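Trainee: Have a peek at start_4.cif (mmCIF, C-alpha atoms).
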data_work
#
loop_
_atom_site.label_atom_id
_atom_site.label_comp_id
_atom_site.auth_asym_id
_atom_site.auth_seq_id
_atom_site.Cartn_x
_atom_site.Cartn_y
_atom_site.Cartn_z
CA MET A 1 134.05 -61.70 -39.29
CA ILE A 2 136.38 -59.56 -37.16
CA LYS A 3 139.28 -61.47 -35.65
CA PRO A 4 140.01 -61.28 -31.91
CA ALA A 5 143.29 -59.44 -32.58
CA ASP A 6 141.39 -56.76 -34.53
CA VAL A 7 139.05 -56.12 -31.61
CA SER A 8 141.93 -55.89 -29.13
CA THR A 9 143.99 -53.53 -31.28
CA LYS A 10 141.08 -51.19 -31.93
CA ARG A 11 140.16 -51.22 -28.29
CA LEU A 12 143.70 -50.35 -27.21
CA ILE A 13 143.94 -47.36 -29.54
CA SER A 14 140.43 -46.16 -28.70
CA LEU A 15 141.45 -45.71 -25.04
CA ALA A 16 143.17 -42.40 -25.87
CA PRO A 17 142.96 -41.78 -29.62
CA ASP A 18 144.14 -38.14 -29.48
CA ASN A 19 147.33 -39.03 -27.63
CA TRP A 20 147.84 -42.03 -29.88
CA VAL A 21 147.69 -40.10 -33.16
CA LYS A 22 149.88 -37.33 -31.70
CA TRP A 23 152.46 -39.99 -30.86
CA VAL A 24 152.44 -41.94 -34.13
CA THR A 25 152.45 -38.83 -36.35
CA GLN A 26 154.47 -36.48 -34.13
CA ILE A 27 151.98 -33.72 -35.03
CA PRO A 28 151.25 -31.92 -31.73
CA ASP A 29 147.97 -30.23 -32.70
CA ILE A 30 146.33 -33.20 -34.40
CA VAL A 31 142.87 -34.26 -33.20
CA ALA A 32 141.44 -37.76 -33.63
CA GLY A 33 137.97 -38.25 -35.00
CA GLU A 34 136.08 -41.38 -35.93
CA ILE A 35 137.70 -44.82 -36.02
CA LEU A 36 136.66 -46.00 -39.46
CA ASN A 37 135.92 -49.34 -41.04
CA SER A 38 139.23 -50.58 -42.45
CA GLU A 39 137.88 -53.54 -44.41
CA PHE A 40 138.55 -53.28 -48.13
CA GLN A 41 137.16 -55.37 -50.95
CA TRP A 42 139.41 -58.28 -51.96
CA ILE A 43 141.76 -57.76 -48.99
CA SER A 44 141.42 -59.46 -45.62
CA ARG A 45 142.50 -57.08 -42.88
CA GLU A 46 144.29 -58.45 -39.84
CA SER A 47 145.52 -55.90 -37.35
CA ASP A 48 145.01 -52.34 -38.55
CA VAL A 49 143.16 -49.30 -37.23
CA LEU A 50 142.09 -46.45 -39.51
CA ILE A 51 141.37 -43.09 -37.86
CA ARG A 52 139.98 -39.91 -39.38
CA VAL A 53 142.01 -36.96 -38.04
CA GLU A 54 142.38 -33.21 -38.50
CA SER A 55 145.06 -30.61 -37.83
CA PRO A 56 145.22 -26.84 -38.54
CA GLN A 57 148.26 -27.26 -40.78
CA HIS A 58 147.36 -30.41 -42.72
CA GLY A 59 143.56 -30.37 -42.66
CA LYS A 60 141.57 -33.61 -42.69
CA PHE A 61 143.32 -36.89 -43.44
CA LEU A 62 143.50 -40.52 -42.36
CA VAL A 63 146.00 -42.20 -40.05
CA LEU A 64 146.43 -45.85 -40.96
CA ASN A 65 147.90 -47.85 -38.06
CA GLU A 66 149.20 -51.24 -39.12
CA LEU A 67 150.31 -53.36 -36.14
CA GLN A 68 152.48 -56.39 -36.82
CA LEU A 69 153.62 -58.85 -34.18
CA ARG A 70 156.86 -59.24 -36.16
CA TYR A 71 157.95 -57.44 -39.32
CA LYS A 72 157.51 -59.36 -42.58
CA SER A 73 159.30 -58.65 -45.84
CA GLU A 74 156.04 -58.12 -47.72
CA MET A 75 154.99 -55.20 -45.52
CA PRO A 76 156.26 -52.36 -47.81
CA ARG A 77 154.04 -53.61 -50.62
CA ARG A 78 151.11 -54.03 -48.25
CA MET A 79 151.55 -50.53 -46.84
CA ARG A 80 151.35 -49.16 -50.38
CA ALA A 81 148.17 -51.14 -51.07
CA TYR A 82 146.48 -50.32 -47.75
CA ALA A 83 147.20 -46.61 -48.02
CA ALA A 84 145.84 -46.45 -51.55
CA LEU A 85 142.71 -48.42 -50.68
CA ALA A 86 142.00 -46.22 -47.65
CA GLU A 87 142.43 -43.06 -49.73
CA GLU A 88 140.15 -44.40 -52.46
CA LYS A 89 137.45 -45.51 -50.01
CA TYR A 90 137.29 -42.30 -47.96
CA ASN A 91 138.62 -39.75 -50.48
CA LEU A 92 141.15 -38.42 -47.97
CA PRO A 93 144.97 -38.40 -47.92
CA THR A 94 146.46 -41.19 -45.82
CA TYR A 95 149.33 -41.15 -43.32
CA PRO A 96 150.45 -44.79 -42.97
CA VAL A 97 152.21 -46.04 -39.83
CA LEU A 98 153.73 -49.51 -39.44
CA ILE A 99 154.10 -50.54 -35.79
CA ASN A 100 156.24 -53.63 -35.19
CA ILE A 101 155.72 -55.21 -31.78
CA LEU A 102 158.50 -57.81 -31.47
CA LYS A 103 161.97 -57.73 -33.00
CA ALA A 104 162.44 -60.31 -35.73
CA SER A 105 166.09 -59.62 -36.65
CA ASP A 106 168.77 -56.94 -36.69
CA ALA A 107 168.05 -56.10 -40.33
CA GLU A 108 167.02 -52.51 -41.03
CA ILE A 109 163.29 -52.13 -41.63
CA PRO A 110 162.49 -50.03 -44.73
CA THR A 111 160.32 -46.93 -44.42
CA SER A 112 159.10 -46.81 -48.02
CA TYR A 113 157.95 -48.91 -50.95
CA THR A 114 159.49 -48.13 -54.33
CA LEU A 115 158.95 -49.68 -57.74
CA ASN A 116 160.35 -48.66 -61.12
CA ILE A 117 159.14 -50.45 -64.22
CA ALA A 118 159.82 -49.17 -67.73
CA GLY A 119 160.39 -45.68 -66.41
CA LEU A 120 157.21 -45.53 -64.33
CA ARG A 121 157.67 -45.18 -60.59
CA ALA A 122 155.51 -46.07 -57.61
CA ILE A 123 156.57 -44.65 -54.24
CA GLN A 124 154.88 -44.97 -50.86
CA ASP A 125 156.52 -43.61 -47.72
CA TYR A 126 155.30 -44.68 -44.31
CA ARG A 127 156.44 -44.19 -40.74
CA VAL A 128 157.94 -47.15 -38.88
CA ILE A 129 157.71 -47.51 -35.10
CA ASN A 130 159.51 -50.45 -33.48
CA LEU A 131 158.16 -50.92 -29.98
CA TRP A 132 161.43 -52.37 -28.68
CA GLU A 133 163.01 -48.98 -29.50
CA VAL A 134 160.31 -46.96 -27.69
CA ASP A 135 161.31 -45.78 -24.20
CA VAL A 136 159.00 -47.31 -21.61
CA GLU A 137 158.60 -43.96 -19.83
CA ILE A 138 156.50 -42.70 -22.77
CA ALA A 139 153.72 -45.09 -21.74
CA PHE A 140 153.62 -43.55 -18.27
CA GLN A 141 154.35 -39.87 -18.95
CA GLN A 142 152.38 -38.88 -22.07
CA PRO A 143 150.16 -40.68 -20.94
CA LEU A 144 149.62 -43.42 -23.49
CA PRO A 145 147.41 -46.09 -21.88
CA SER A 146 147.36 -47.91 -25.24
CA LEU A 147 151.04 -48.76 -24.67
CA LEU A 148 150.70 -50.00 -21.10
CA PRO A 149 149.98 -53.64 -22.09
CA PHE A 150 153.17 -53.55 -24.19
CA VAL A 151 155.37 -52.32 -21.30
CA PRO A 152 157.36 -55.60 -20.96
CA ILE A 153 158.66 -55.33 -24.53
CA LEU A 154 159.31 -51.57 -24.57
CA LYS A 155 162.87 -50.30 -24.09
CA GLY A 156 163.62 -50.49 -20.38
CA GLY A 157 160.36 -52.26 -19.52
CA ASP A 158 161.67 -55.80 -19.23
CA ASN A 159 161.86 -55.91 -15.42
CA GLU A 160 159.50 -56.93 -12.65
CA SER A 161 159.27 -53.49 -11.03
CA THR A 162 158.18 -51.66 -14.19
CA ILE A 163 155.71 -54.39 -15.13
CA ARG A 164 154.18 -54.14 -11.64
CA ASP A 165 153.84 -50.36 -12.10
CA ALA A 166 151.98 -50.89 -15.38
CA LEU A 167 149.76 -53.51 -13.77
CA ARG A 168 148.80 -51.17 -10.93
CA ILE A 169 147.67 -48.53 -13.43
CA LEU A 170 145.67 -51.05 -15.43
CA ARG A 171 143.94 -52.44 -12.36
CA ALA A 172 143.10 -48.98 -10.99
CA ASP A 173 141.11 -48.02 -14.10
CA GLU A 174 137.84 -49.72 -14.95
CA GLN A 175 138.47 -49.19 -18.66
CA LEU A 176 141.92 -50.71 -18.50
CA ASN A 177 141.76 -53.54 -15.98
CA GLN A 178 140.68 -56.18 -18.48
CA LEU A 179 143.85 -55.55 -20.48
CA GLU A 180 146.08 -57.21 -17.90
CA THR A 181 145.92 -60.46 -19.88
CA VAL A 182 147.65 -58.67 -22.76
CA LEU A 183 150.28 -57.36 -20.33
CA GLY A 184 150.66 -60.87 -18.97
CA PHE A 185 151.07 -62.28 -22.45
CA PHE A 186 153.96 -59.96 -23.30
CA ALA A 187 155.47 -60.37 -19.82
CA THR A 188 156.05 -64.05 -20.61
CA PHE A 189 158.51 -62.95 -23.30
CA VAL A 190 160.85 -61.35 -20.73
CA LEU A 191 160.13 -63.07 -17.39
CA ASP A 192 159.74 -66.66 -16.23
CA SER A 193 156.15 -67.87 -16.28
CA ALA A 194 156.27 -68.48 -12.52
CA ILE A 195 157.19 -64.83 -11.90
CA VAL A 196 154.41 -63.66 -14.23
CA GLN A 197 151.92 -65.78 -12.29
CA GLN A 198 153.16 -64.29 -9.03
CA ILE A 199 152.94 -60.70 -10.33
CA LEU A 200 149.47 -61.03 -11.81
CA ARG A 201 148.17 -63.33 -9.06
CA TRP A 202 146.11 -65.48 -11.37
CA ASP A 203 146.45 -68.87 -12.99
CA MET A 204 148.15 -68.98 -16.40
CA ALA A 205 144.99 -70.58 -17.77
CA LEU A 206 143.51 -67.07 -17.84
CA LEU A 207 146.31 -66.00 -20.15
CA GLU A 208 145.08 -68.45 -22.76
CA GLN A 209 141.85 -66.43 -22.95
CA SER A 210 143.77 -63.44 -24.31
CA PRO A 211 143.05 -62.86 -28.03
CA TRP A 212 146.77 -62.31 -28.62
CA TYR A 213 147.57 -65.68 -27.06
CA GLN A 214 144.83 -67.47 -28.98
CA GLU A 215 145.84 -65.84 -32.25
CA ILE A 216 149.39 -67.15 -31.94
CA PHE A 217 149.17 -70.53 -30.25
CA SER A 218 145.75 -71.83 -31.30
CA LYS A 219 145.86 -71.12 -35.03
CA GLY A 220 147.63 -74.26 -36.11
CA GLU A 221 145.65 -76.55 -33.83
CA GLN A 222 142.29 -75.08 -34.84
CA ARG A 223 143.08 -75.41 -38.52
CA GLY A 224 144.36 -78.93 -38.06
CA GLU A 225 141.24 -80.11 -36.26
CA ALA A 226 139.07 -78.62 -39.00
CA ARG A 227 140.80 -80.64 -41.71
CA GLY A 228 139.53 -84.18 -42.25
CA GLU A 229 142.65 -85.73 -43.74
CA LEU A 230 145.49 -87.02 -41.58
CA ARG A 231 148.07 -85.31 -43.77
CA GLY A 232 146.20 -82.03 -43.52
CA ARG A 233 146.17 -82.16 -39.72
CA LYS A 234 149.91 -82.81 -39.64
CA GLU A 235 150.71 -79.98 -42.00
CA GLU A 236 148.58 -77.55 -40.02
CA LEU A 237 150.17 -78.62 -36.74
CA TYR A 238 153.60 -78.10 -38.28
CA SER A 239 152.44 -74.65 -39.39
CA GLY A 240 151.11 -73.80 -35.94
CA ILE A 241 154.29 -74.98 -34.21
CA GLU A 242 156.45 -73.03 -36.65
CA LEU A 243 154.40 -69.88 -36.04
CA ALA A 244 154.61 -70.28 -32.25
CA LEU A 245 158.38 -70.83 -32.40
CA GLU A 246 158.88 -67.74 -34.53
CA ILE A 247 156.71 -65.55 -32.31
CA LYS A 248 158.20 -66.66 -29.01
CA PHE A 249 161.85 -67.28 -29.91
CA GLY A 250 162.46 -65.74 -33.36
CA ASN A 251 164.98 -67.32 -35.73
CA GLN A 252 166.57 -69.33 -32.92
CA GLY A 253 163.28 -71.13 -32.36
CA LEU A 254 162.83 -71.84 -36.08
CA GLU A 255 166.12 -73.76 -36.04
CA LEU A 256 164.24 -76.56 -34.24
CA MET A 257 161.80 -77.10 -37.11
CA PRO A 258 164.00 -79.62 -39.00
CA ILE A 259 163.92 -81.83 -35.89
CA ILE A 260 160.21 -81.34 -35.24
CA SER A 261 159.29 -81.96 -38.87
CA GLN A 262 160.63 -85.51 -38.50
CA ILE A 263 157.93 -86.26 -35.92
CA THR A 264 154.75 -87.60 -37.54
CA ASP A 265 152.66 -88.68 -34.55
CA LEU A 266 149.76 -86.23 -34.09
CA GLN A 267 149.65 -86.50 -30.30
CA LYS A 268 153.38 -85.86 -30.03
CA LEU A 269 153.06 -82.78 -32.24
CA LYS A 270 150.24 -81.48 -30.05
CA THR A 271 152.38 -82.10 -26.96
CA ILE A 272 155.20 -80.05 -28.52
CA GLN A 273 152.76 -77.26 -29.32
CA GLN A 274 151.63 -77.21 -25.69
CA ALA A 275 155.24 -77.30 -24.47
CA ILE A 276 156.09 -74.13 -26.42
CA LYS A 277 153.50 -72.30 -24.32
CA THR A 278 155.15 -73.21 -21.02
CA VAL A 279 158.91 -73.19 -21.64
CA ASN A 280 160.87 -69.96 -21.29
CA THR A 281 163.90 -70.62 -23.46
CA VAL A 282 164.89 -72.55 -26.57
CA ASN A 283 167.22 -74.66 -24.43
CA GLU A 284 164.28 -75.76 -22.27
CA LEU A 285 162.35 -76.76 -25.37
CA GLN A 286 165.38 -78.65 -26.73
CA GLN A 287 165.51 -80.56 -23.44
CA VAL A 288 161.82 -81.48 -23.80
CA LEU A 289 162.46 -82.73 -27.33
CA SER A 290 165.53 -84.74 -26.42
CA THR A 291 163.85 -86.28 -23.36
CA ASN A 292 160.55 -87.26 -24.95
CA PHE A 293 160.98 -87.51 -28.69
CA THR A 294 164.43 -88.87 -29.44
#
Spell out the structure here as structure tokens.
Mentor:
Amino acid sequence: MIKPADVSTKRLISLAPDNWVKWVTQIPDIVAGEILNSEFQWISRESDVLIRVESPQHGKFLVLNELQLRYKSEMPRRMRAYAALAEEKYNLPTYPVLINILKASDAEIPTSYTLNIAGLRAIQDYRVINLWEVDVEIAFQQPLPSLLPFVPILKGGDNESTIRDALRILRADEQLNQLETVLGFFATFVLDSAIVQQILRWDMALLEQSPWYQEIFSKGEQRGEARGELRGRKEELYSGIELALEIKFGNQGLELMPIISQITDLQKLKTIQQAIKTVNTVNELQQVLSTNFT
């Protein structure tokens, strides 16, 4: 079964695949072909898009786009595995690209996987694109409509005026107008929720219909409800809260987990999970915790 995030990612890239592959590869004469099935045996795919491409200089090959909400330390090994599996499945060379959406830390993100065991080496290079380092003007000038929903988190895009510009473009195009929930989702990372509601002119309940939003904030609750045991529900709620804290606030948010993990009441944990959706800062969440749960 394809996850909601998969559908959204593939849809975004399919809006202008030629411009997208030109951007991620920096090969000006590359032409995008078919978007291929990226499901491989034994491996569950989450957020990747595999495109068959061709250029006069390099011939036919694959561009593997791996989108991650935040970089994870296991990604170099995964990039090696995904590239090899794609090459084996389609018998074409693979150009892997890792696209990180939100900044997790100041640590340098590696651009290759290397392994040396008993004199045998495994090496896999891949390109890394960090969206917070991408100038927002690229989304407007290239044009790259696939980047418009990410405008709030691009370099220089974290202001009301630029977000409004992106929204106008999305709403003016029948193919793009349904993507405003994705724009709204990322806008909540840089603007107060009240301002986001004012800009988009719709209730925040619509935001919860976004696959990105559901993927992040509903995972723990859905898993918890599916488990029959009380302990299982607690553990899954802890997991969902931890994931939401990491996504929205990074390491600073995770510092609250020792406090939250002391709370055992299921309803209180669900209340905390809901509160993470509405607060704008870690300090606001700390105030909620101190007022209601201490």
Trainee: Run through the PyMOL selection byres ((chain A and resi 136) around 7) on the given coordinates and return the selected residues as a PyMOL selection string.
Mentor: chain A and resi 134-135+137-139+151+154-157
Trainee: Using all atoms listed in the file, find the one residue out of A:Leu131, A:Val182, A:Leu176, A:Ala244 that sits nearest to Ala16 of chain A.
Mentor: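 Of A:Leu131, A:Val182, A:Leu176, A:Ala244, the one nearest Ala16 of chain A, counting all atoms listed in the file, is A:Leu176.
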Trainee: Could you check which of A:Pro149, A:Ile30, A:Ile129, A:Leu266 is closest to Gln178 of chain A, using all atoms listed in the file?
Mentor: A:Pro149
Trainee: Which distance in Å separates atom CA of Leu67 of chain A and atom CA of Asp158 of chain A, to one decimal?
Mentor: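 Going from atom CA of Leu67 of chain A over to atom CA of Asp158 of chain A covers 20.5 Å.
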Trainee: For the structure provided, state which residues fall under the PyMOL selection byres ((chain A and resi 70) around 6), and present them as an NGL selection string.
Mentor: :A and (68-69 or 71 or 100 or 102 or 104)
Trainee: Neighbourhood query: residues within 10 Å of (157.0, -62.0, -24.5), file coordinates, counting all atoms listed in the file; return as number ranges by chain.
Mentor: A: 102, 150, 152-153, 158, 183-192, 247-249, 280
Trainee: Which is closer to Asn91 of chain A than all the others in A:Arg52, A:Lys103, A:Arg78, A:Lys22, using all atoms listed in the file?
Mentor: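 Looking only at the distances to Asn91 of chain A, the closest residue turns out to be A:Arg52.
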Trainee: Could you expand the PyMOL selection byres ((chain A and resi 33) around 9) into the explicit residues it covers here, written as a count of residues only?
Mentor: 10
Trainee: Once 6 Å is added on each side, what are the centre and the three edge lengths, in Å to one decimal, of the axis-aligned box enclosing the listed atoms of segment 235-243 of chain A? Present them as lines of an AutoDock Vina configuration file.
Mentor:
center_x = 152.5
center_y = -74.9
center_z = -38.1
size_x = 19.9
size_y = 22.1
size_z = 19.8
Trainee: Given the choices A:Asn292, A:Gln287, A:Asn19, A:Gln26, which gets closest to Gln141 of chain A if the distance is worked out from only C-alpha atoms?
Mentor: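 The closest residue to Gln141 of chain A is A:Asn19.
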Trainee: Name the closest residue to Leu92 of chain A among the candidates A:Pro258, A:Gly250, A:Gly119, A:Gly59; distances are taken between atoms, counting all atoms listed in the file.
Mentor: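 Comparing A:Pro258, A:Gly250, A:Gly119, A:Gly59 against Leu92 of chain A, the winner is A:Gly59.
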Trainee: Grab the atom CA of Asn283 of chain A to atom CA of Glu108 of chain A distance for me, in Å with one decimal place.
Mentor: 27.7 Å
Trainee: Smallest atom-to-atom distance to Ala81 of chain A: which of A:Phe61, A:Tyr238, A:Tyr126, A:Trp20, using all atoms listed in the file?
Mentor: A:Tyr126
Trainee: Atom CA of Gln175 of chain A and atom CA of Ile13 of chain A are how many Å apart?
Mentor: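 If I compute the distance from atom CA of Gln175 of chain A to atom CA of Ile13 of chain A, I get 12.3 Å.
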